[in-house]
$ cat final.csv   # CSV, C-alpha atoms
chain,number,residue,atom,x,y,z
Z,36,MET,CA,-6.1,-34.5,-27.1
Z,37,GLN,CA,-3.8,-31.5,-26.8
Z,38,ARG,CA,-1.1,-31.5,-24.2
Z,39,PRO,CA,-1.7,-29.2,-21.2
Z,40,SER,CA,1.2,-26.9,-22.3
Z,41,ALA,CA,-0.4,-26.5,-25.7
Z,42,ARG,CA,-3.8,-25.7,-24.2
Z,43,ARG,CA,-2.1,-23.1,-21.9
Z,44,SER,CA,-0.4,-21.5,-25.0
Z,45,LEU,CA,-3.7,-21.3,-26.8
Z,46,ALA,CA,-5.4,-19.8,-23.7
Z,47,ILE,CA,-2.6,-17.2,-23.4
Z,48,GLY,CA,-2.8,-16.4,-27.1
Z,49,ALA,CA,-6.6,-16.0,-26.8
Z,50,ILE,CA,-6.1,-13.6,-23.8
Z,51,VAL,CA,-3.5,-11.5,-25.6
Z,52,GLY,CA,-5.4,-11.5,-28.8
Z,53,GLY,CA,-8.6,-10.6,-27.0
Z,54,SER,CA,-6.9,-7.7,-25.3
Z,55,LEU,CA,-5.5,-6.3,-28.4
Z,56,THR,CA,-8.8,-6.6,-30.2
Z,57,ALA,CA,-10.7,-5.0,-27.4
Z,58,THR,CA,-8.5,-1.9,-27.5
Z,59,THR,CA,-8.0,-2.1,-31.3
Z,60,SER,CA,-4.4,-1.0,-31.0
Z,61,LEU,CA,-0.9,-2.3,-30.2
Z,62,ALA,CA,-0.8,0.6,-27.8
Z,63,SER,CA,-2.7,-1.7,-25.5
Z,64,VAL,CA,0.5,-3.6,-24.9
Z,65,ALA,CA,2.3,-0.3,-23.9
Z,66,VAL,CA,-0.6,0.5,-21.5
Z,67,ALA,CA,-0.5,-3.0,-20.0
Z,68,ALA,CA,3.2,-2.8,-19.6
Z,69,PHE,CA,2.9,0.6,-17.8
Z,70,PHE,CA,0.2,-0.8,-15.6
Z,71,ALA,CA,2.4,-3.8,-14.7
Z,72,ARG,CA,5.5,-1.7,-14.1
Z,73,LYS,CA,3.6,0.6,-11.7
Z,74,LEU,CA,2.5,-2.4,-9.7
Z,75,VAL,CA,6.0,-3.8,-9.1
Z,76,THR,CA,7.9,-0.4,-8.8
Z,77,PRO,CA,8.4,0.8,-5.2
Z,78,GLU,CA,7.0,4.2,-4.6
Z,79,ARG,CA,9.7,6.3,-3.0
Z,80,GLU,CA,7.6,9.4,-2.5
Z,81,ARG,CA,4.1,9.7,-1.2
Z,82,PRO,CA,2.3,12.9,-2.1
Z,83,ASP,CA,0.6,15.2,0.5
Z,84,ASP,CA,-3.2,14.6,0.4
Z,85,ALA,CA,-4.4,16.8,3.3
Z,86,THR,CA,-4.7,20.5,4.0
Z,87,VAL,CA,-4.5,21.8,7.5
Z,88,LEU,CA,-6.6,25.0,7.6
Z,89,THR,CA,-6.5,26.0,11.2
Z,90,VAL,CA,-4.8,24.7,14.4
Z,91,ARG,CA,-6.4,25.3,17.8
Z,92,HIS,CA,-4.5,25.4,21.1
Z,93,GLY,CA,-5.5,24.7,24.7
Z,94,ARG,CA,-4.7,26.9,27.6
Z,95,ASP,CA,-1.4,25.1,28.2
Z,96,GLY,CA,-0.4,25.9,24.6
Z,97,ARG,CA,-0.7,22.4,23.3
Z,98,VAL,CA,-2.6,21.7,20.0
Z,99,THR,CA,-6.0,20.3,20.9
Z,100,SER,CA,-7.8,20.2,17.5
Z,101,ALA,CA,-7.3,21.1,13.8
Z,102,VAL,CA,-9.5,22.0,10.9
Z,103,PHE,CA,-9.0,20.2,7.7
Z,104,ALA,CA,-10.2,20.6,4.1
Z,105,PRO,CA,-13.0,18.1,3.5
Z,106,THR,CA,-11.9,14.9,1.9
Z,107,VAL,CA,-12.7,11.2,2.2
Z,108,GLU,CA,-9.7,10.8,4.5
Z,109,SER,CA,-10.4,13.8,6.7
Z,110,ARG,CA,-14.0,12.6,7.2
Z,111,ALA,CA,-13.1,9.0,8.0
Z,112,PRO,CA,-14.1,7.9,11.5
Z,113,GLY,CA,-11.4,6.7,13.9
Z,114,ARG,CA,-7.8,7.7,14.7
Z,115,TYR,CA,-5.0,8.3,12.3
Z,116,GLY,CA,-1.5,9.6,11.8
Z,117,LEU,CA,-0.6,12.9,10.1
Z,118,PHE,CA,2.8,13.5,8.5
Z,119,TRP,CA,4.2,16.8,7.2
Z,120,ASP,CA,7.5,18.3,6.1
Z,121,ASN,CA,8.7,15.0,4.6
Z,122,GLU,CA,7.8,13.1,7.8
Z,123,ARG,CA,9.8,15.4,10.0
Z,124,GLY,CA,6.5,16.1,11.7
Z,125,HIS,CA,4.0,13.6,13.0
Z,126,ALA,CA,0.7,14.0,15.0
Z,127,ARG,CA,-1.9,11.6,16.3
Z,128,ILE,CA,-5.3,12.6,15.0
Z,129,GLY,CA,-8.4,11.6,16.9
Z,130,GLU,CA,-12.1,11.5,16.1
Z,131,VAL,CA,-14.1,14.0,14.1
Z,132,LEU,CA,-15.5,16.7,16.4
Z,133,GLY,CA,-17.8,18.4,13.8
Z,134,GLU,CA,-17.8,20.7,10.8
Z,135,THR,CA,-17.4,24.5,10.4
Z,136,GLU,CA,-20.1,26.6,8.8
Z,137,HIS,CA,-18.1,26.2,5.5
Z,138,GLY,CA,-18.1,22.4,5.7
Z,139,ASP,CA,-14.5,22.0,6.8
Z,140,ILE,CA,-13.7,19.1,9.1
Z,141,ILE,CA,-12.8,19.6,12.8
Z,142,ARG,CA,-10.8,16.8,14.4
Z,143,ARG,CA,-9.3,16.2,17.8
Z,144,VAL,CA,-5.5,16.2,18.0
Z,145,ASP,CA,-4.4,13.7,20.6
Z,146,SER,CA,-0.8,14.6,20.5
Z,147,VAL,CA,2.0,16.1,18.3
Z,148,THR,CA,4.8,13.6,18.6
Z,149,ARG,CA,7.4,15.6,16.7
Z,150,GLY,CA,7.6,18.9,14.8
Z,151,ASP,CA,5.2,21.8,14.9
Z,152,LEU,CA,1.7,21.3,13.5
Z,153,ALA,CA,0.7,24.4,11.6
Z,154,PRO,CA,-1.6,25.3,8.6
Z,155,GLY,CA,-0.3,23.8,5.4
Z,156,ARG,CA,-0.1,20.6,3.4
Z,157,ALA,CA,0.3,17.2,5.1
Z,158,ARG,CA,-0.4,13.5,4.5
Z,159,TRP,CA,-2.9,11.2,6.1
Z,160,SER,CA,-1.6,7.9,7.4
Z,161,GLY,CA,-2.9,4.8,9.1
Z,162,TRP,CA,0.1,5.0,11.4
Z,163,TYR,CA,-1.5,6.5,14.5
Z,164,VAL,CA,1.9,5.8,16.2
Z,165,ASP,CA,5.3,6.2,14.6
Z,166,GLY,CA,8.9,5.3,15.5
Z,167,SER,CA,10.0,2.1,17.2
Z,168,PRO,CA,7.9,0.1,19.7
Z,169,GLN,CA,10.0,1.9,22.4
Z,170,ASP,CA,9.1,5.3,21.0
Z,171,ALA,CA,5.4,4.4,20.4
Z,172,TYR,CA,4.5,2.4,23.4
Z,173,GLY,CA,7.5,2.4,25.8
Z,174,ILE,CA,8.1,-1.3,25.1
Z,175,GLU,CA,11.8,-2.2,25.4
Z,176,THR,CA,13.1,-2.7,21.8
Z,177,GLU,CA,16.2,-4.3,20.5
Z,178,ASP,CA,17.5,-3.2,17.1
Z,179,VAL,CA,18.8,-6.1,15.1
Z,180,VAL,CA,20.0,-6.7,11.5
Z,181,LEU,CA,18.8,-9.7,9.6
Z,182,GLU,CA,21.2,-11.0,6.9
Z,183,THR,CA,19.2,-11.7,3.8
Z,184,GLU,CA,20.4,-12.8,0.4
Z,185,TYR,CA,20.7,-9.2,-0.8
Z,186,GLY,CA,22.2,-7.7,2.4
Z,187,PRO,CA,21.2,-6.4,5.8
Z,188,ALA,CA,17.5,-5.8,6.6
Z,189,PRO,CA,16.9,-3.9,9.9
Z,190,ALA,CA,14.3,-5.2,12.3
Z,191,TRP,CA,13.0,-4.5,15.8
Z,192,VAL,CA,12.7,-7.2,18.4
Z,193,THR,CA,10.5,-6.9,21.5
Z,194,HIS,CA,11.1,-9.6,24.0
Z,195,ALA,CA,8.2,-11.0,26.0
Z,196,GLY,CA,7.1,-14.0,28.0
Z,197,ASP,CA,9.4,-17.0,28.3
Z,198,GLY,CA,10.9,-16.4,24.9
Z,199,GLN,CA,9.5,-19.6,23.3
Z,200,ARG,CA,6.6,-18.1,21.3
Z,201,TRP,CA,7.5,-15.5,18.7
Z,202,ALA,CA,5.7,-13.6,16.0
Z,203,VAL,CA,7.0,-12.1,12.7
Z,204,LEU,CA,5.2,-9.0,11.5
Z,205,VAL,CA,5.2,-8.2,7.8
Z,206,HIS,CA,4.1,-4.9,6.4
Z,207,GLY,CA,2.6,-4.1,3.0
Z,208,ARG,CA,3.5,-2.6,-0.3
Z,209,GLY,CA,4.8,0.9,-0.2
Z,210,ALA,CA,4.9,0.8,3.6
Z,211,ARG,CA,7.6,0.3,6.3
Z,212,ARG,CA,7.9,-1.5,9.6
Z,213,GLY,CA,5.8,1.2,11.3
Z,214,GLU,CA,2.6,-0.1,9.6
Z,215,THR,CA,2.6,-3.2,11.9
Z,216,LEU,CA,3.2,-1.4,15.2
Z,217,ARG,CA,-0.5,-1.5,16.1
Z,218,ALA,CA,-0.2,-5.2,16.8
Z,219,VAL,CA,2.9,-5.1,19.1
Z,220,PRO,CA,1.1,-4.2,22.4
Z,221,VAL,CA,-1.4,-7.0,22.0
Z,222,LEU,CA,1.3,-9.6,21.3
Z,223,HIS,CA,3.5,-8.3,24.1
Z,224,ASP,CA,0.7,-8.6,26.6
Z,225,LEU,CA,0.2,-12.3,25.4
Z,226,GLY,CA,3.9,-13.0,26.1
Z,227,ILE,CA,4.8,-13.2,22.4
Z,228,THR,CA,8.2,-11.9,21.3
Z,229,CYS,CA,8.0,-9.9,18.1
Z,230,VAL,CA,10.3,-9.5,15.1
Z,231,VAL,CA,9.1,-6.4,13.2
Z,232,THR,CA,11.0,-6.9,10.0
Z,233,SER,CA,11.9,-5.0,6.8
Z,234,TYR,CA,12.4,-6.8,3.5
Z,235,ARG,CA,13.9,-6.2,0.1
Z,236,ASN,CA,13.0,-2.9,-1.7
Z,237,ASP,CA,10.9,-1.5,1.1
Z,238,PHE,CA,13.0,1.7,1.8
Z,239,GLU,CA,14.8,0.1,4.7
Z,240,GLY,CA,15.7,-3.3,3.5
Z,241,PRO,CA,18.3,-4.0,0.8
Z,242,PRO,CA,17.5,-3.5,-2.9
Z,243,SER,CA,17.2,-6.6,-5.1
Z,244,LEU,CA,19.0,-6.8,-8.4
Z,245,ASP,CA,16.1,-5.3,-10.3
Z,246,GLY,CA,14.8,-3.1,-7.5
Z,247,ARG,CA,11.3,-4.3,-8.1
Z,248,TYR,CA,8.6,-6.0,-5.9
Z,249,GLY,CA,8.0,-9.7,-6.5
Z,250,LEU,CA,4.5,-9.3,-5.1
Z,251,GLY,CA,5.3,-11.9,-2.4
Z,252,LEU,CA,6.9,-14.4,-4.8
Z,253,THR,CA,10.4,-13.3,-3.8
Z,254,GLU,CA,10.0,-11.3,-0.5
Z,255,TRP,CA,9.0,-14.5,1.3
Z,256,LYS,CA,12.7,-15.4,1.5
Z,257,ASP,CA,13.3,-12.4,3.8
Z,258,VAL,CA,10.4,-13.5,6.0
Z,259,GLU,CA,12.1,-16.9,6.2
Z,260,THR,CA,15.2,-15.1,7.4
Z,261,ALA,CA,13.2,-13.5,10.2
Z,262,VAL,CA,11.7,-16.8,11.2
Z,263,GLN,CA,15.1,-18.5,11.2
Z,264,TYR,CA,16.3,-15.7,13.5
Z,265,ALA,CA,13.4,-16.4,15.9
Z,266,LEU,CA,14.1,-20.1,15.9
Z,267,ALA,CA,17.8,-19.5,16.5
Z,268,HIS,CA,17.0,-17.4,19.5
Z,269,GLY,CA,14.7,-19.7,21.4
Z,270,ALA,CA,11.4,-19.8,19.5
Z,271,THR,CA,9.6,-23.1,19.5
Z,272,SER,CA,6.7,-21.7,17.5
Z,273,VAL,CA,6.1,-18.6,15.3
Z,274,ASP,CA,2.9,-16.7,14.5
Z,275,LEU,CA,2.8,-14.7,11.3
Z,276,LEU,CA,1.0,-11.4,10.9
Z,277,GLY,CA,0.8,-9.7,7.5
Z,278,TRP,CA,-0.8,-6.5,6.2
Z,279,SER,CA,-1.8,-6.0,2.5
Z,280,MET,CA,1.1,-7.3,0.3
Z,281,GLY,CA,2.5,-8.6,3.6
Z,282,GLY,CA,-0.4,-11.1,3.4
Z,283,ALA,CA,0.7,-12.2,0.0
Z,284,ILE,CA,4.3,-12.6,1.3
Z,285,THR,CA,3.1,-14.6,4.2
Z,286,MET,CA,1.1,-16.9,2.0
Z,287,GLN,CA,4.1,-17.6,-0.2
Z,288,PHE,CA,6.3,-18.3,2.9
Z,289,LEU,CA,3.7,-20.9,4.1
Z,290,ALA,CA,3.7,-22.5,0.7
Z,291,ARG,CA,7.4,-22.5,0.0
Z,292,SER,CA,9.5,-22.4,3.1
Z,293,GLU,CA,10.9,-25.5,4.8
Z,294,PHE,CA,10.3,-23.6,8.1
Z,295,ALA,CA,6.6,-23.3,7.6
Z,296,PRO,CA,5.9,-26.2,9.9
Z,297,PHE,CA,7.0,-24.1,12.8
Z,298,VAL,CA,4.2,-21.6,12.2
Z,299,HIS,CA,1.4,-21.8,14.8
Z,300,LYS,CA,-1.2,-19.3,13.7
Z,301,VAL,CA,-1.6,-16.6,11.0
Z,302,VAL,CA,-3.3,-13.2,11.1
Z,303,LEU,CA,-3.8,-11.3,7.9
Z,304,ASP,CA,-5.1,-7.7,7.7
Z,305,GLY,CA,-6.5,-6.5,4.3
Z,306,PRO,CA,-4.4,-9.2,2.6
Z,307,VAL,CA,-3.8,-9.7,-1.1
Z,308,LEU,CA,-5.0,-13.2,-1.7
Z,309,ASP,CA,-5.2,-12.9,-5.5
Z,310,TRP,CA,-3.2,-10.2,-7.3
Z,311,ALA,CA,-5.2,-10.7,-10.5
Z,312,ASP,CA,-8.3,-9.6,-8.7
Z,313,VAL,CA,-6.5,-6.5,-7.3
Z,314,MET,CA,-5.3,-5.7,-10.8
Z,315,LEU,CA,-8.7,-6.0,-12.3
Z,316,HIS,CA,-10.1,-3.8,-9.5
Z,317,HIS,CA,-7.6,-1.0,-10.3
Z,318,ALA,CA,-8.2,-1.3,-14.0
Z,319,ARG,CA,-11.9,-0.7,-13.5
Z,320,ALA,CA,-11.2,2.1,-11.0
Z,321,ASN,CA,-8.9,3.8,-13.5
Z,322,ARG,CA,-11.3,3.2,-16.4
Z,323,VAL,CA,-8.9,0.9,-18.1
Z,324,HIS,CA,-10.3,-2.0,-20.1
Z,325,PRO,CA,-10.4,-5.1,-17.9
Z,326,SER,CA,-8.6,-7.1,-20.6
Z,327,LEU,CA,-5.5,-4.9,-20.1
Z,328,ALA,CA,-5.3,-6.1,-16.5
Z,329,THR,CA,-5.2,-9.7,-17.8
Z,330,LEU,CA,-2.6,-8.7,-20.4
Z,331,SER,CA,-0.5,-7.0,-17.6
Z,332,GLY,CA,-0.5,-10.3,-15.7
Z,333,PHE,CA,0.6,-12.1,-18.8
Z,334,LEU,CA,3.5,-9.7,-19.3
Z,335,LEU,CA,4.6,-10.0,-15.7
Z,336,GLY,CA,4.7,-13.8,-16.0
Z,337,SER,CA,6.3,-14.1,-19.4
Z,338,ARG,CA,10.0,-14.8,-19.5
Z,339,THR,CA,10.3,-13.0,-22.8
Z,340,SER,CA,8.4,-9.8,-21.8
Z,341,ARG,CA,9.6,-9.5,-18.2
Z,342,HIS,CA,12.4,-7.2,-19.2
Z,343,THR,CA,9.8,-4.8,-20.6
Z,344,ILE,CA,8.4,-4.6,-17.1
Z,345,GLY,CA,11.9,-4.3,-15.5
Z,346,VAL,CA,11.8,-7.5,-13.4
Z,347,SER,CA,14.7,-9.9,-13.4
Z,348,GLU,CA,12.4,-12.9,-12.7
Z,349,ALA,CA,9.0,-13.7,-14.2
Z,350,VAL,CA,6.2,-12.9,-11.7
Z,351,ASP,CA,3.6,-15.6,-12.1
Z,352,ILE,CA,0.5,-14.0,-10.4
Z,353,LYS,CA,-1.4,-17.3,-10.8
Z,354,LEU,CA,0.6,-18.5,-7.9
Z,355,THR,CA,-1.0,-15.8,-5.7
Z,356,ASN,CA,-4.5,-16.9,-6.2
Z,357,TRP,CA,-5.4,-18.5,-2.9
Z,358,VAL,CA,-9.1,-18.9,-3.8
Z,359,GLU,CA,-8.0,-21.5,-6.3
Z,360,ARG,CA,-5.3,-22.8,-4.0
Z,361,ALA,CA,-7.5,-23.0,-0.9
Z,362,ASP,CA,-7.1,-26.8,-0.6
Z,363,GLU,CA,-3.4,-26.3,0.0
Z,364,LEU,CA,-3.9,-24.4,3.3
Z,365,VAL,CA,-2.8,-26.1,6.4
Z,366,LYS,CA,-2.5,-23.4,9.1
Z,367,PRO,CA,-5.2,-21.7,11.2
Z,368,MET,CA,-5.8,-18.2,9.8
Z,369,LEU,CA,-7.7,-15.1,10.9
Z,370,VAL,CA,-8.4,-12.7,8.1
Z,371,ILE,CA,-9.5,-9.2,9.0
Z,372,HIS,CA,-10.8,-7.4,5.9
Z,373,SER,CA,-13.1,-4.4,5.4
Z,374,VAL,CA,-15.9,-4.6,2.7
Z,375,ASP,CA,-15.1,-0.9,2.1
Z,376,ASP,CA,-11.4,-1.5,1.3
Z,377,GLU,CA,-10.7,0.7,-1.7
Z,378,PHE,CA,-7.3,-0.8,-2.6
Z,379,VAL,CA,-7.5,-4.6,-2.1
Z,380,PRO,CA,-11.1,-5.9,-2.6
Z,381,TYR,CA,-12.3,-8.2,0.1
Z,382,GLY,CA,-13.8,-10.8,-2.2
Z,383,PRO,CA,-10.9,-13.3,-2.2
Z,384,SER,CA,-10.7,-13.1,1.6
Z,385,ALA,CA,-14.4,-14.0,1.9
Z,386,ALA,CA,-14.0,-16.7,-0.7
Z,387,VAL,CA,-11.0,-18.3,0.9
Z,388,ALA,CA,-12.9,-18.3,4.3
Z,389,ALA,CA,-15.9,-19.9,2.6
Z,390,ALA,CA,-13.8,-22.5,0.9
Z,391,ARG,CA,-11.9,-23.5,4.1
Z,392,PRO,CA,-14.1,-22.8,7.1
Z,393,ASP,CA,-12.2,-25.5,9.0
Z,394,LEU,CA,-9.1,-23.2,9.0
Z,395,VAL,CA,-9.9,-19.7,7.9
Z,396,ARG,CA,-12.0,-17.2,9.8
Z,397,TRP,CA,-13.0,-13.9,8.1
Z,398,GLU,CA,-13.6,-11.0,10.5
Z,399,ARG,CA,-15.8,-8.7,8.4
Z,400,TRP,CA,-15.2,-5.0,8.9
Z,401,GLU,CA,-17.2,-2.0,7.4
Z,402,VAL,CA,-16.3,1.6,6.7
Z,403,ALA,CA,-12.6,1.1,7.1
Z,404,ARG,CA,-10.4,1.9,4.2
Z,405,HIS,CA,-7.3,-0.2,3.2
Z,406,VAL,CA,-5.6,-1.8,6.3
Z,407,ARG,CA,-7.3,0.7,8.5
Z,408,GLU,CA,-9.6,-1.6,10.4
Z,409,TRP,CA,-7.6,-0.9,13.6
Z,410,ASN,CA,-8.0,2.8,13.0
Z,411,THR,CA,-11.8,2.7,12.9
Z,412,ASP,CA,-12.2,0.4,15.9
Z,413,PRO,CA,-9.0,-0.3,17.8
Z,414,GLU,CA,-10.7,-1.9,20.7
Z,415,ARG,CA,-12.5,-4.5,18.5
Z,416,TRP,CA,-9.3,-5.2,16.5
Z,417,GLU,CA,-7.2,-5.8,19.5
Z,418,THR,CA,-9.9,-8.0,21.2
Z,419,VAL,CA,-10.3,-10.1,18.0
Z,420,VAL,CA,-6.5,-10.6,17.6
Z,421,ARG,CA,-5.9,-11.2,21.3
Z,422,ASP,CA,-8.7,-13.8,21.6
Z,423,TYR,CA,-7.5,-15.6,18.4
Z,424,LEU,CA,-3.9,-15.8,19.5
Z,425,ALA,CA,-4.4,-16.3,23.2

$ encode --input "final.csv" --output "structure tokens"
Amino acid sequence: MQRPSARRSLAIGAIVGGSLTATTSLASVAVAAFFARKLVTPERERPDDATVLTVRHGRDGRVTSAVFAPTVESRAPGRYGLFWDNERGHARIGEVLGETEHGDIIRRVDSVTRGDLAPGRARWSGWYVDGSPQDAYGIETEDVVLETEYGPAPAWVTHAGDGQRWAVLVHGRGARRGETLRAVPVLHDLGITCVVTSYRNDFEGPPSLDGRYGLGLTEWKDVETAVQYALAHGATSVDLLGWSMGGAITMQFLARSEFAPFVHKVVLDGPVLDWADVMLHHARANRVHPSLATLSGFLLGSRTSRHTIGVSEAVDIKLTNWVERADELVKPMLVIHSVDDEFVPYGPSAAVAAARPDLVRWERWEVARHVREWNTDPERWETVVRDYLA
């Protein structure tokens, strides 16, 4: 009988060989490496994806509505944020009011929080509110700095209740702390003190040695720092809330940290519970042969090829497969995930819930795009989270 390591080597060889055969060229390795590099490289700039055609004002001079070029984003139901001028401007965009005779989309403008909204290019965002919890909701906010292994990571702290129950909020890939603000009012009302944290390579936190994402396999250490901060300041239990890659980070914290026993409950929104599944989804979406997604995963996890990707440590995406690791779960978990999520497929969320109905509850959403469940139905989102954590 072959040793397990020998069987793994043969399996890896078969995967790589199959990938190369499928694409009939060594160029497949270059494509797979590019695919992997893109996944772990932070995106420093986000392109504008919206066109404001017309702005309409009320009698008091305030902007009341705007007309947008028709896109999937501009047609989406719910409330959203709109950024322009490199985020110097921000507006809160409300529901669709109708269409013009030319098919352009008319939406309510709830408020312009900074800058002047005018015709031109802009960017849609799930961040209906922006700024600190103080700016967004009037909740008193303390600015703190968490000392991580790579340096200072800024965080917001909103104190509530008796100071014994805390929550750490973890944003996703390519986002910042503002992504998680939608949860702060609910937690504050429940008497839960929040740590809204940054982490390595997220624009606000410190850069790691390689400046690359670890897909949760390294960032969990910064969440551990936030949990330690909470415990040092009076917390007796900690809830964890994670969005997108923040879900992957949260899961690694639960599996690896010595402070995981202090966690009470977990809430995940559009979480990555299997990076291999996400990579396969994007390979298909970009018309890349599925075998190249598998090859990309191999390159990320290989000690010999990791330098080609630019990561200082191998990224073993098998460790992010919580469908296969479902028997390791020990904490109660609410998973909010839309079946129409275009970036992180909901399949693993549903599968983990099916595998562990004793611990995991999947709250199925429809219509909402990636981590925009709150945007499409904020009342339902807040009720679900409040009832779960109450």

$ residues_near_point --input "final.csv" --point "(10.3, -12.3, 25.9)" --cutoff "9 Å" --atoms "all atoms listed in the file" --output "mmCIF file with C-alpha atoms, keeping the file's coordinate frame"
data_model
loop_
_atom_site.group_PDB
_atom_site.id
_atom_site.type_symbol
_atom_site.label_atom_id
_atom_site.label_comp_id
_atom_site.auth_asym_id
_atom_site.auth_seq_id
_atom_site.Cartn_x
_atom_site.Cartn_y
_atom_site.Cartn_z
ATOM 1 C CA THR Z 193 10.500 -6.900 21.500
ATOM 2 C CA HIS Z 194 11.100 -9.600 24.000
ATOM 3 C CA ALA Z 195 8.200 -11.000 26.000
ATOM 4 C CA GLY Z 196 7.100 -14.000 28.000
ATOM 5 C CA ASP Z 197 9.400 -17.000 28.300
ATOM 6 C CA GLY Z 198 10.900 -16.400 24.900
ATOM 7 C CA GLN Z 199 9.500 -19.600 23.300
ATOM 8 C CA ARG Z 200 6.600 -18.100 21.300
ATOM 9 C CA TRP Z 201 7.500 -15.500 18.700
ATOM 10 C CA HIS Z 223 3.500 -8.300 24.100
ATOM 11 C CA GLY Z 226 3.900 -13.000 26.100
ATOM 12 C CA ILE Z 227 4.800 -13.200 22.400
ATOM 13 C CA THR Z 228 8.200 -11.900 21.300
ATOM 14 C CA CYS Z 229 8.000 -9.900 18.100
#

$ residues_near_point --input "final.csv" --point "(-8.7, 0.8, 5.7)" --cutoff "8 Å" --atoms "all atoms listed in the file" --output "list in words"
Gly161, Gly305, Ser373, Asp375, Asp376, Glu377, Val402, Ala403, Arg404, His405, Val406, Arg407, Glu408 and Asn410 of chain Z

$ residues_around --input "final.csv" --residues "range 312-320 of chain Z" --least-positions-apart "5" --cutoff "9 Å" --atoms "all atoms listed in the file" --output "PyMOL selection string"
chain Z and resi 70-71+74+307+325-329+331-332+356+378-380+382-383

$ closest_residue --input "final.csv" --among "Z:Trp409, Z:Gly240, Z:Phe297, Z:Leu266" --to "Tyr163 in chain Z" --atoms "all atoms listed in the file"
Z:Trp409

$ atom_distance --input "final.csv" --atom1 "CA of Trp159 in chain Z" --atom2 "CA of Tyr381 in chain Z"
22.4 Å

$ atom_distance --input "final.csv" --atom1 "CA of Val346 in chain Z" --atom2 "CA of Arg235 in chain Z"
13.7 Å

$ closest_residue --input "final.csv" --among "Z:Ala101, Z:Leu424, Z:Ala385, Z:Val273" --to "Pro306 in chain Z" --atoms "only C-alpha atoms"
Z:Ala385

$ closest_residue --input "final.csv" --among "Z:Arg399, Z:His92, Z:Arg79, Z:Arg291" --to "Glu239 in chain Z" --atoms "all atoms listed in the file"
Z:Arg79

$ closest_residue --input "final.csv" --among "Z:Leu152, Z:Ala65, Z:Ala389, Z:Val205" --to "His125 in chain Z" --atoms "all atoms listed in the file"
Z:Leu152

$ atom_distance --input "final.csv" --atom1 "CA of Trp400 in chain Z" --atom2 "CA of Val144 in chain Z"
25.0 Å

$ residues_around --input "final.csv" --residues "Ser160 in chain Z" --least-positions-apart "4" --cutoff "8 Å" --atoms "all atoms listed in the file" --output "ChimeraX atom specification"
/Z:115-118

$ closest_residue --input "final.csv" --among "Z:Leu244, Z:Ala311, Z:Val365, Z:Ala157" --to "Val298 in chain Z" --atoms "only C-alpha atoms"
Z:Val365

$ residues_around --input "final.csv" --residues "Leu335 in chain Z" --least-positions-apart "6" --cutoff "10 Å" --atoms "all atoms listed in the file" --output "MDAnalysis selection string"
chainID Z and resid 67:68 71:72 74:75 249 341:346 348:352

$ residues_around --input "final.csv" --residues "range 179-191 of chain Z" --least-positions-apart "2" --cutoff "10 Å" --atoms "all atoms listed in the file" --output "PDB file with C-alpha atoms, in the coordinates of the input"
ATOM      1  CA  SER Z 167      10.000   2.100  17.200  1.00  0.00           C
ATOM      2  CA  PRO Z 168       7.900   0.100  19.700  1.00  0.00           C
ATOM      3  CA  GLN Z 169      10.000   1.900  22.400  1.00  0.00           C
ATOM      4  CA  GLU Z 175      11.800  -2.200  25.400  1.00  0.00           C
ATOM      5  CA  THR Z 176      13.100  -2.700  21.800  1.00  0.00           C
ATOM      6  CA  GLU Z 177      16.200  -4.300  20.500  1.00  0.00           C
ATOM      7  CA  THR Z 193      10.500  -6.900  21.500  1.00  0.00           C
ATOM      8  CA  HIS Z 194      11.100  -9.600  24.000  1.00  0.00           C
ATOM      9  CA  LEU Z 204       5.200  -9.000  11.500  1.00  0.00           C
ATOM     10  CA  ARG Z 212       7.900  -1.500   9.600  1.00  0.00           C
ATOM     11  CA  CYS Z 229       8.000  -9.900  18.100  1.00  0.00           C
ATOM     12  CA  VAL Z 230      10.300  -9.500  15.100  1.00  0.00           C
ATOM     13  CA  VAL Z 231       9.100  -6.400  13.200  1.00  0.00           C
ATOM     14  CA  THR Z 232      11.000  -6.900  10.000  1.00  0.00           C
ATOM     15  CA  SER Z 233      11.900  -5.000   6.800  1.00  0.00           C
ATOM     16  CA  TYR Z 234      12.400  -6.800   3.500  1.00  0.00           C
ATOM     17  CA  ARG Z 235      13.900  -6.200   0.100  1.00  0.00           C
ATOM     18  CA  ASN Z 236      13.000  -2.900  -1.700  1.00  0.00           C
ATOM     19  CA  ASP Z 237      10.900  -1.500   1.100  1.00  0.00           C
ATOM     20  CA  PHE Z 238      13.000   1.700   1.800  1.00  0.00           C
ATOM     21  CA  GLU Z 239      14.800   0.100   4.700  1.00  0.00           C
ATOM     22  CA  GLY Z 240      15.700  -3.300   3.500  1.00  0.00           C
ATOM     23  CA  PRO Z 241      18.300  -4.000   0.800  1.00  0.00           C
ATOM     24  CA  PRO Z 242      17.500  -3.500  -2.900  1.00  0.00           C
ATOM     25  CA  SER Z 243      17.200  -6.600  -5.100  1.00  0.00           C
ATOM     26  CA  LEU Z 244      19.000  -6.800  -8.400  1.00  0.00           C
ATOM     27  CA  LYS Z 256      12.700 -15.400   1.500  1.00  0.00           C
ATOM     28  CA  ASP Z 257      13.300 -12.400   3.800  1.00  0.00           C
ATOM     29  CA  VAL Z 258      10.400 -13.500   6.000  1.00  0.00           C
ATOM     30  CA  GLU Z 259      12.100 -16.900   6.200  1.00  0.00           C
ATOM     31  CA  THR Z 260      15.200 -15.100   7.400  1.00  0.00           C
ATOM     32  CA  ALA Z 261      13.200 -13.500  10.200  1.00  0.00           C
ATOM     33  CA  GLN Z 263      15.100 -18.500  11.200  1.00  0.00           C
ATOM     34  CA  TYR Z 264      16.300 -15.700  13.500  1.00  0.00           C
TER      35      TYR Z 264
END
